[in-house]
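Colleague: Here you go, this is my_file-v3.cif (mmCIF, C-alpha atoms).
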data_start
loop_
_atom_site.label_atom_id
_atom_site.label_comp_id
_atom_site.auth_asym_id
_atom_site.auth_seq_id
_atom_site.Cartn_x
_atom_site.Cartn_y
_atom_site.Cartn_z
CA MET A 1 124.17 -17.50 11.71
CA ALA A 2 124.20 -13.92 12.99
CA GLY A 3 121.63 -14.78 15.66
CA VAL A 4 123.85 -17.48 17.16
CA SER A 5 126.84 -15.24 17.68
CA ALA A 6 124.98 -12.27 19.18
CA SER A 7 125.16 -12.41 22.96
CA PRO A 8 122.57 -11.21 25.50
CA ALA A 9 122.83 -7.78 27.06
CA ARG A 10 122.13 -7.33 30.78
CA VAL A 11 121.59 -3.85 32.18
CA GLY A 12 120.96 -2.88 35.80
CA LEU A 13 118.18 -0.34 36.21
CA HIS A 14 118.25 2.38 38.83
CA ARG A 15 118.43 5.82 37.18
CA GLU A 16 117.12 7.31 33.94
CA VAL A 17 120.55 7.03 32.34
CA ASP A 18 120.19 3.23 32.68
CA VAL A 19 117.13 3.44 30.42
CA VAL A 20 119.36 4.98 27.75
CA ARG A 21 121.91 2.18 28.22
CA ALA A 22 119.24 -0.49 27.97
CA ARG A 23 117.76 1.01 24.80
CA ARG A 24 121.19 1.32 23.20
CA ALA A 25 122.05 -2.31 23.97
CA ALA A 26 118.71 -3.53 22.67
CA ILE A 27 118.94 -1.60 19.42
CA ARG A 28 122.50 -2.79 18.89
CA LEU A 29 121.48 -6.41 19.43
CA ALA A 30 118.45 -6.03 17.15
CA GLY A 31 120.74 -4.67 14.47
CA GLU A 32 123.24 -7.50 14.96
CA ILE A 33 120.62 -10.13 14.29
CA GLY A 34 119.29 -8.25 11.29
CA LEU A 35 115.85 -7.07 12.44
CA ASP A 36 114.28 -4.52 10.13
CA GLN A 37 113.72 -0.89 11.05
CA ARG A 38 110.14 -1.35 12.28
CA CYS A 39 111.12 -4.31 14.46
CA ARG A 40 114.01 -2.35 15.93
CA ALA A 41 111.63 0.54 16.67
CA ARG A 42 109.27 -1.84 18.47
CA VAL A 43 112.10 -3.36 20.51
CA ASP A 44 113.29 0.15 21.39
CA LEU A 45 109.87 1.23 22.69
CA VAL A 46 109.29 -2.03 24.62
CA VAL A 47 112.66 -1.70 26.36
CA ALA A 48 112.11 2.01 27.01
CA GLU A 49 108.66 1.42 28.52
CA LEU A 50 109.75 -1.49 30.74
CA ALA A 51 112.97 0.15 31.89
CA MET A 52 111.31 3.49 32.55
CA ASN A 53 108.61 1.80 34.63
CA VAL A 54 111.27 0.16 36.79
CA VAL A 55 113.21 3.38 37.28
CA ARG A 56 110.08 5.38 38.10
CA HIS A 57 108.13 2.91 40.23
CA ALA A 58 110.42 0.16 41.47
CA ASN A 59 113.70 1.92 42.14
CA ARG A 60 115.85 -1.06 41.18
CA GLY A 61 115.74 -3.84 38.65
CA GLU A 62 117.42 -5.47 35.73
CA ILE A 63 116.66 -5.94 32.08
CA VAL A 64 118.04 -8.65 29.81
CA VAL A 65 117.81 -8.49 26.03
CA GLU A 66 118.62 -11.65 24.11
CA PRO A 67 118.15 -13.07 20.65
CA LEU A 68 115.48 -15.71 20.15
CA LEU A 69 116.88 -18.88 18.66
CA GLY A 70 114.88 -20.96 16.25
CA GLN A 71 113.43 -20.45 12.80
CA GLN A 72 111.75 -17.09 13.04
CA GLY A 73 114.10 -15.21 15.26
CA GLY A 74 113.53 -12.03 17.18
CA ILE A 75 114.28 -10.52 20.56
CA ARG A 76 113.27 -11.48 24.07
CA VAL A 77 113.20 -8.70 26.68
CA SER A 78 113.08 -9.86 30.30
CA CYS A 79 112.63 -7.18 32.92
CA ARG A 80 112.73 -7.93 36.63
CA ASP A 81 112.33 -5.55 39.55
CA SER A 82 112.00 -5.73 43.32
CA GLY A 83 109.44 -2.95 43.49
CA PRO A 84 105.97 -2.92 45.00
CA GLY A 85 104.43 -5.35 42.53
CA PHE A 86 100.78 -5.17 41.53
CA GLN A 87 97.67 -7.27 41.09
CA VAL A 88 97.90 -8.64 37.55
CA GLY A 89 94.61 -8.18 35.76
CA SER A 90 93.12 -5.45 37.90
CA PRO A 91 92.63 -2.06 36.26
CA HIS A 92 95.83 -0.80 37.77
CA ARG A 93 96.76 2.75 38.60
CA GLY A 94 100.26 2.76 40.07
CA PRO A 95 102.09 5.27 42.24
CA GLY A 96 101.61 7.89 39.54
CA SER A 97 98.52 7.24 37.43
CA ASP A 98 100.89 6.55 34.56
CA GLY A 99 101.37 3.18 36.28
CA LEU A 100 102.36 -0.23 35.13
CA GLY A 101 98.84 -1.09 33.98
CA LEU A 102 98.92 1.51 31.26
CA GLY A 103 102.51 0.81 30.29
CA LEU A 104 101.76 -2.90 30.07
CA SER A 105 98.91 -2.32 27.62
CA VAL A 106 101.35 -0.47 25.36
CA ILE A 107 103.83 -3.35 25.61
CA ARG A 108 101.09 -5.84 24.75
CA GLU A 109 100.39 -3.82 21.61
CA LEU A 110 104.03 -3.59 20.56
CA ALA A 111 105.28 -7.07 21.40
CA ASP A 112 104.17 -10.38 19.93
CA SER A 113 103.91 -12.03 23.33
CA VAL A 114 103.99 -10.75 26.88
CA VAL A 115 104.11 -12.72 30.13
CA VAL A 116 103.75 -10.93 33.45
CA ASP A 117 104.34 -12.29 36.92
CA SER A 118 103.68 -9.94 39.79
CA ALA A 119 101.95 -9.67 43.13
CA PRO A 120 101.65 -6.84 45.65
CA GLY A 121 104.85 -6.75 47.71
CA ARG A 122 106.66 -9.28 45.54
CA GLY A 123 108.13 -7.34 42.65
CA THR A 124 107.48 -7.87 38.97
CA ILE A 125 108.85 -9.85 36.07
CA VAL A 126 107.81 -9.06 32.49
CA VAL A 127 109.00 -11.13 29.53
CA ALA A 128 108.16 -9.73 26.11
CA GLU A 129 109.06 -11.12 22.71
CA VAL A 130 109.27 -9.20 19.46
CA LEU A 131 109.38 -11.56 16.50
CA ARG A 132 111.05 -10.84 13.19
CA MET B 1 90.21 19.60 11.27
CA GLU B 2 90.36 18.51 14.85
CA SER B 3 92.16 20.31 17.66
CA LYS B 4 92.40 19.66 21.38
CA THR B 5 94.23 21.68 24.03
CA LEU B 6 95.03 19.90 27.27
CA PRO B 7 96.43 21.25 30.54
CA LEU B 8 99.68 19.80 31.85
CA ASN B 9 99.84 20.18 35.60
CA LYS B 10 99.78 16.75 37.18
CA GLU B 11 100.68 13.15 36.47
CA SER B 12 97.19 12.23 35.30
CA ASP B 13 97.40 15.00 32.66
CA ILE B 14 100.33 13.11 31.11
CA VAL B 15 98.19 10.00 30.86
CA MET B 16 95.35 11.98 29.27
CA ALA B 17 97.63 13.71 26.75
CA ARG B 18 99.13 10.36 25.79
CA LYS B 19 95.67 8.83 25.31
CA VAL B 20 94.32 11.75 23.26
CA ALA B 21 97.39 11.68 21.02
CA LYS B 22 97.11 7.94 20.44
CA ASP B 23 93.35 8.08 19.77
CA LEU B 24 93.77 11.00 17.36
CA ALA B 25 96.51 9.14 15.50
CA ALA B 26 94.34 6.02 15.33
CA THR B 27 91.42 8.01 13.95
CA LEU B 28 93.61 9.47 11.24
CA GLY B 29 94.79 6.01 10.22
CA PHE B 30 98.29 5.80 11.67
CA GLN B 31 99.61 2.28 12.21
CA LEU B 32 99.93 1.07 15.79
CA LEU B 33 103.69 1.60 15.99
CA GLU B 34 103.38 5.22 14.79
CA GLN B 35 100.45 5.82 17.18
CA ILE B 36 102.63 4.69 20.06
CA GLN B 37 105.62 6.73 18.86
CA LEU B 38 103.50 9.89 18.79
CA ALA B 39 101.90 9.10 22.14
CA THR B 40 105.32 8.45 23.68
CA ALA B 41 106.73 11.74 22.36
CA VAL B 42 103.67 13.60 23.70
CA SER B 43 104.01 11.84 27.03
CA GLU B 44 107.69 12.75 27.40
CA LEU B 45 107.19 16.39 26.39
CA ALA B 46 104.28 16.66 28.81
CA ARG B 47 106.38 15.14 31.57
CA ASN B 48 109.19 17.61 30.85
CA ALA B 49 106.79 20.55 31.04
CA ILE B 50 105.56 19.42 34.44
CA LYS B 51 108.89 18.33 35.84
CA TYR B 52 111.07 21.23 34.65
CA ALA B 53 108.71 24.10 33.92
CA GLY B 54 106.01 23.97 36.54
CA GLY B 55 103.37 22.90 34.08
CA GLY B 56 102.00 24.06 30.74
CA GLU B 57 99.61 22.95 28.02
CA ILE B 58 99.68 20.92 24.85
CA THR B 59 97.61 21.35 21.69
CA LEU B 60 97.08 18.45 19.31
CA THR B 61 95.76 19.23 15.82
CA THR B 62 95.20 17.28 12.65
CA VAL B 63 97.04 19.01 9.82
CA ILE B 64 97.21 18.80 6.05
CA ASN B 65 100.16 19.67 3.84
CA GLY B 66 99.30 19.22 0.20
CA ARG B 67 98.19 15.60 0.02
CA ARG B 68 99.80 14.58 3.31
CA GLN B 69 97.86 14.33 6.54
CA GLY B 70 99.35 14.30 9.97
CA ILE B 71 99.18 15.44 13.56
CA GLU B 72 100.82 18.53 15.01
CA LEU B 73 101.64 18.97 18.67
CA ILE B 74 102.44 22.30 20.29
CA CYS B 75 103.68 22.02 23.85
CA ARG B 76 103.94 25.35 25.69
CA ASP B 77 105.23 26.23 29.09
CA GLU B 78 106.25 29.40 30.92
CA GLY B 79 109.13 27.82 32.76
CA PRO B 80 112.75 28.86 32.94
CA GLY B 81 113.45 28.05 29.29
CA ILE B 82 116.19 25.77 28.03
CA ALA B 83 119.57 27.36 28.68
CA ASP B 84 121.65 25.06 26.48
CA LEU B 85 119.41 24.09 23.57
CA THR B 86 122.25 22.52 21.61
CA ARG B 87 122.98 20.15 24.44
CA ALA B 88 119.29 19.40 24.99
CA LEU B 89 118.93 18.45 21.33
CA ALA B 90 122.25 16.60 21.17
CA GLY B 91 122.16 13.61 18.94
CA GLY B 92 120.95 10.13 19.74
CA MET B 93 120.29 9.44 23.37
CA SER B 94 123.55 10.81 24.65
CA THR B 95 122.01 13.34 26.99
CA GLY B 96 120.77 11.78 30.20
CA GLY B 97 117.22 10.70 30.63
CA GLY B 98 115.29 7.75 29.36
CA LEU B 99 113.38 9.10 26.44
CA GLY B 100 114.22 12.73 26.62
CA ARG B 101 115.25 14.73 29.56
CA GLY B 102 117.17 16.07 26.65
CA LEU B 103 114.73 16.50 23.78
CA SER B 104 116.47 14.16 21.38
CA GLY B 105 114.35 11.19 22.39
CA SER B 106 111.09 12.95 21.50
CA ARG B 107 112.58 14.37 18.32
CA ALA B 108 113.55 10.90 17.10
CA LEU B 109 109.95 9.75 17.40
CA LEU B 110 108.55 12.61 15.27
CA ASP B 111 109.01 13.79 11.67
CA ASP B 112 109.13 17.57 12.17
CA PHE B 113 110.45 19.16 15.34
CA SER B 114 111.28 22.68 16.41
CA VAL B 115 111.96 24.40 19.72
CA ASP B 116 111.37 28.06 20.55
CA THR B 117 112.85 28.91 23.93
CA THR B 118 114.10 31.94 25.81
CA PRO B 119 115.82 31.56 29.18
CA GLY B 120 113.43 33.07 31.68
CA SER B 121 110.45 33.20 29.31
CA GLY B 122 109.35 29.68 28.66
CA THR B 123 109.43 27.17 25.85
CA THR B 124 107.27 26.18 22.91
CA ILE B 125 107.95 22.85 21.23
CA THR B 126 106.28 22.10 17.90
CA GLY B 127 106.31 18.64 16.41
CA ARG B 128 104.55 16.82 13.61
CA LYS B 129 104.06 13.23 12.58
CA TRP B 130 102.90 12.54 9.03
CA LEU B 131 100.86 9.65 7.73
CA ALA B 132 103.10 7.55 5.50
#
As structure tokens - that is how I would like this structure written.
Modeller:
Amino acid sequence: MAGVSASPARVGLHREVDVVRARRAAIRLAGEIGLDQRCRARVDLVVAELAMNVVRHANRGEIVVEPLLGQQGGIRVSCRDSGPGFQVGSPHRGPGSDGLGLGLSVIRELADSVVVDSAPGRGTIVVAEVLR
Amino acid sequence: MESKTLPLNKESDIVMARKVAKDLAATLGFQLLEQIQLATAVSELARNAIKYAGGGEITLTTVINGRRQGIELICRDEGPGIADLTRALAGGMSTGGGLGRGLSGSRALLDDFSVDTTPGSGTTITGRKWLA
């Protein structure tokens, strides 16, 4: 029943210190719902990558970390920003060449599912799930 | 034994260092999570060298200790040095910065970690990740 009582964490993203806050909240939530050490490490890196991308390339955004309900359980990380957006699917090199394209490939490797919605000039939403 | 030394002067050098670290870890047989942890630590140390020290270089080497295999990184710069090393290494993520403006973020992703720094004379950071 631990998963039912754990509540989502919502962190505004603007400066590097917000990345620390987001990671802390995510790790705490992952611990509350009983994810093992490797799962917590994956959640940590997914949150760090998404939040750092927002702070570096989009200036402002928000990240929400919440427990997945249902049999398996896990964590959903939803990250939204009002930055420049990008063409999903193109071999992307962002403002620095360490752009969202490269970061996204790392997130796809770490998370069990990733959904991206973005377009040039329209910001970005990434929803990643790490299953137990 | 494999060794690669890479310059750290511009953003694209961070991307290259990250890729080389991840590929080297994959070749040695590290699991995906550990590959990404090493690559992330390398990426953050490289970024620090560029951002705070005016650039530097990083050497990645496969190493053996008895029956253990692993990867060693040596990140060198000739920047101003770290004035307050204790604070930079302070536990958890309490110093500002997403993954390691302080060095604690990188340290947490590696197994061995040491810093040699002299204010005014640069910094050498040595880290190792061992195959489980």
Colleague: I'd like the contact shell of Ala53 (chain B) - 8 Å cut-off, all atoms listed in the file, skipping same-chain residues fewer than 4 positions apart - returned as a list of chain:residue names.
Modeller: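 Selected residues are B:Asn48, B:Ala49, B:Asp77, B:Glu78, B:Gly79, B:Pro80, B:Gly81, B:Gly122.
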Colleague: Can you translate the PyMOL selection byres ((chain A) within 10 of (chain B)) into the concrete residues it hits in this file, as a short mmCIF file (atom, residue, chain, number, x, y, z; two decimals) with C-alpha atoms, in the coordinates of the input?
Modeller:
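Contents of expr04.cif, freshly written:
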data_model
loop_
_atom_site.label_atom_id
_atom_site.label_comp_id
_atom_site.auth_asym_id
_atom_site.auth_seq_id
_atom_site.Cartn_x
_atom_site.Cartn_y
_atom_site.Cartn_z
CA ARG A 15 118.43 5.82 37.18
CA GLU A 16 117.12 7.31 33.94
CA VAL A 17 120.55 7.03 32.34
CA ASP A 18 120.19 3.23 32.68
CA VAL A 19 117.13 3.44 30.42
CA VAL A 20 119.36 4.98 27.75
CA ARG A 21 121.91 2.18 28.22
CA ALA A 22 119.24 -0.49 27.97
CA ARG A 23 117.76 1.01 24.80
CA ARG A 24 121.19 1.32 23.20
CA ARG A 38 110.14 -1.35 12.28
CA CYS A 39 111.12 -4.31 14.46
CA ALA A 41 111.63 0.54 16.67
CA ARG A 42 109.27 -1.84 18.47
CA LEU A 45 109.87 1.23 22.69
CA ALA A 48 112.11 2.01 27.01
CA GLU A 49 108.66 1.42 28.52
CA ALA A 51 112.97 0.15 31.89
CA MET A 52 111.31 3.49 32.55
CA VAL A 55 113.21 3.38 37.28
CA PRO A 95 102.09 5.27 42.24
CA GLY A 96 101.61 7.89 39.54
CA SER A 97 98.52 7.24 37.43
CA ASP A 98 100.89 6.55 34.56
CA GLY A 99 101.37 3.18 36.28
CA LEU A 102 98.92 1.51 31.26
CA VAL A 106 101.35 -0.47 25.36
CA ILE A 107 103.83 -3.35 25.61
CA GLU A 109 100.39 -3.82 21.61
CA LEU A 110 104.03 -3.59 20.56
#
Colleague: Would you mind telling me which residue in A:Asp44, A:Asp117, A:Glu32, A:Asp112 lies nearest to Gln87 (chain A) when using all atoms listed in the file?
Modeller: A:Asp117
Colleague: Excluding Trp130 (chain B) and any residue of its chain fewer than 6 positions from it, enumerate the residues within 7 Å of it, using all atoms listed in the file, and give them as a ChimeraX atom specification.
Modeller: /B:68-71,111
Colleague: Tell me, as a JSON list (two decimals) with C-alpha atoms, keeping the file's coordinate frame, which residues lie within 12 Å of Leu68 (chain A), counting only C-alpha atoms; anything in the same chain fewer than 6 positions away does not count.
Modeller:
[["chain", "number", "residue", "atom", "x", "y", "z"],
["A", 2, "ALA", "CA", 124.20, -13.92, 12.99],
["A", 3, "GLY", "CA", 121.63, -14.78, 15.66],
["A", 4, "VAL", "CA", 123.85, -17.48, 17.16],
["A", 5, "SER", "CA", 126.84, -15.24, 17.68],
["A", 6, "ALA", "CA", 124.98, -12.27, 19.18],
["A", 7, "SER", "CA", 125.16, -12.41, 22.96],
["A", 8, "PRO", "CA", 122.57, -11.21, 25.50],
["A", 29, "LEU", "CA", 121.48, -6.41, 19.43],
["A", 30, "ALA", "CA", 118.45, -6.03, 17.15],
["A", 33, "ILE", "CA", 120.62, -10.13, 14.29],
["A", 35, "LEU", "CA", 115.85, -7.07, 12.44],
["A", 74, "GLY", "CA", 113.53, -12.03, 17.18],
["A", 75, "ILE", "CA", 114.28, -10.52, 20.56],
["A", 76, "ARG", "CA", 113.27, -11.48, 24.07],
["A", 77, "VAL", "CA", 113.20, -8.70, 26.68],
["A", 78, "SER", "CA", 113.08, -9.86, 30.30],
["A", 128, "ALA", "CA", 108.16, -9.73, 26.11],
["A", 129, "GLU", "CA", 109.06, -11.12, 22.71],
["A", 130, "VAL", "CA", 109.27, -9.20, 19.46],
["A", 131, "LEU", "CA", 109.38, -11.56, 16.50],
["A", 132, "ARG", "CA", 111.05, -10.84, 13.19]]
Colleague: Out of A:Ala25, A:Gly83, A:Ala111, A:Val116, which residue has the shortest atom-to-atom distance to Glu66 (chain A) when counting only C-alpha atoms?
Modeller: A:Ala25
Colleague: I'd like to know which of B:Leu6, B:Ser106, B:Glu44, B:Leu131 is closest to Ala26 (chain B), using only C-alpha atoms.
Modeller: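 That would be B:Leu131, the residue with the smallest distance to Ala26 (chain B).
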Colleague: How would you write, as a list in words, the residues chosen by the PyMOL selection byres ((chain B and resi 61) around 8) on this structure?
Modeller: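 In the shown coordinates, the PyMOL selection byres ((chain B and resi 61) around 8) covers Met1, Glu2, Ser3, Lys4, Thr59, Leu60, Thr62, Val63, Ile71, Glu72 and Leu73 of chain B.
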Colleague: Compile the contact shell of Gly55 (chain B) as a list in words: residues with an atom at most 6 Å away, counting all atoms listed in the file, same-chain residues fewer than 3 positions apart removed.
Modeller: Leu8, Asn9, Ala49 and Ile50 of chain B
Colleague: I need the chosen residues saved as a tab-separated table (two decimals), keeping the file's coordinate frame, with C-alpha atoms.
Modeller:
chain	number	residue	atom	x	y	z
B	8	LEU	CA	99.68	19.80	31.85
B	9	ASN	CA	99.84	20.18	35.60
B	49	ALA	CA	106.79	20.55	31.04
B	50	ILE	CA	105.56	19.42	34.44
Colleague: Taking the file above as input, evaluate the PyMOL selection byres ((chain A and resi 59) around 12) and report the hits as an MDAnalysis selection string.
Modeller: chainID A and resid 12:16 18 51:58 60:62 80:85 123
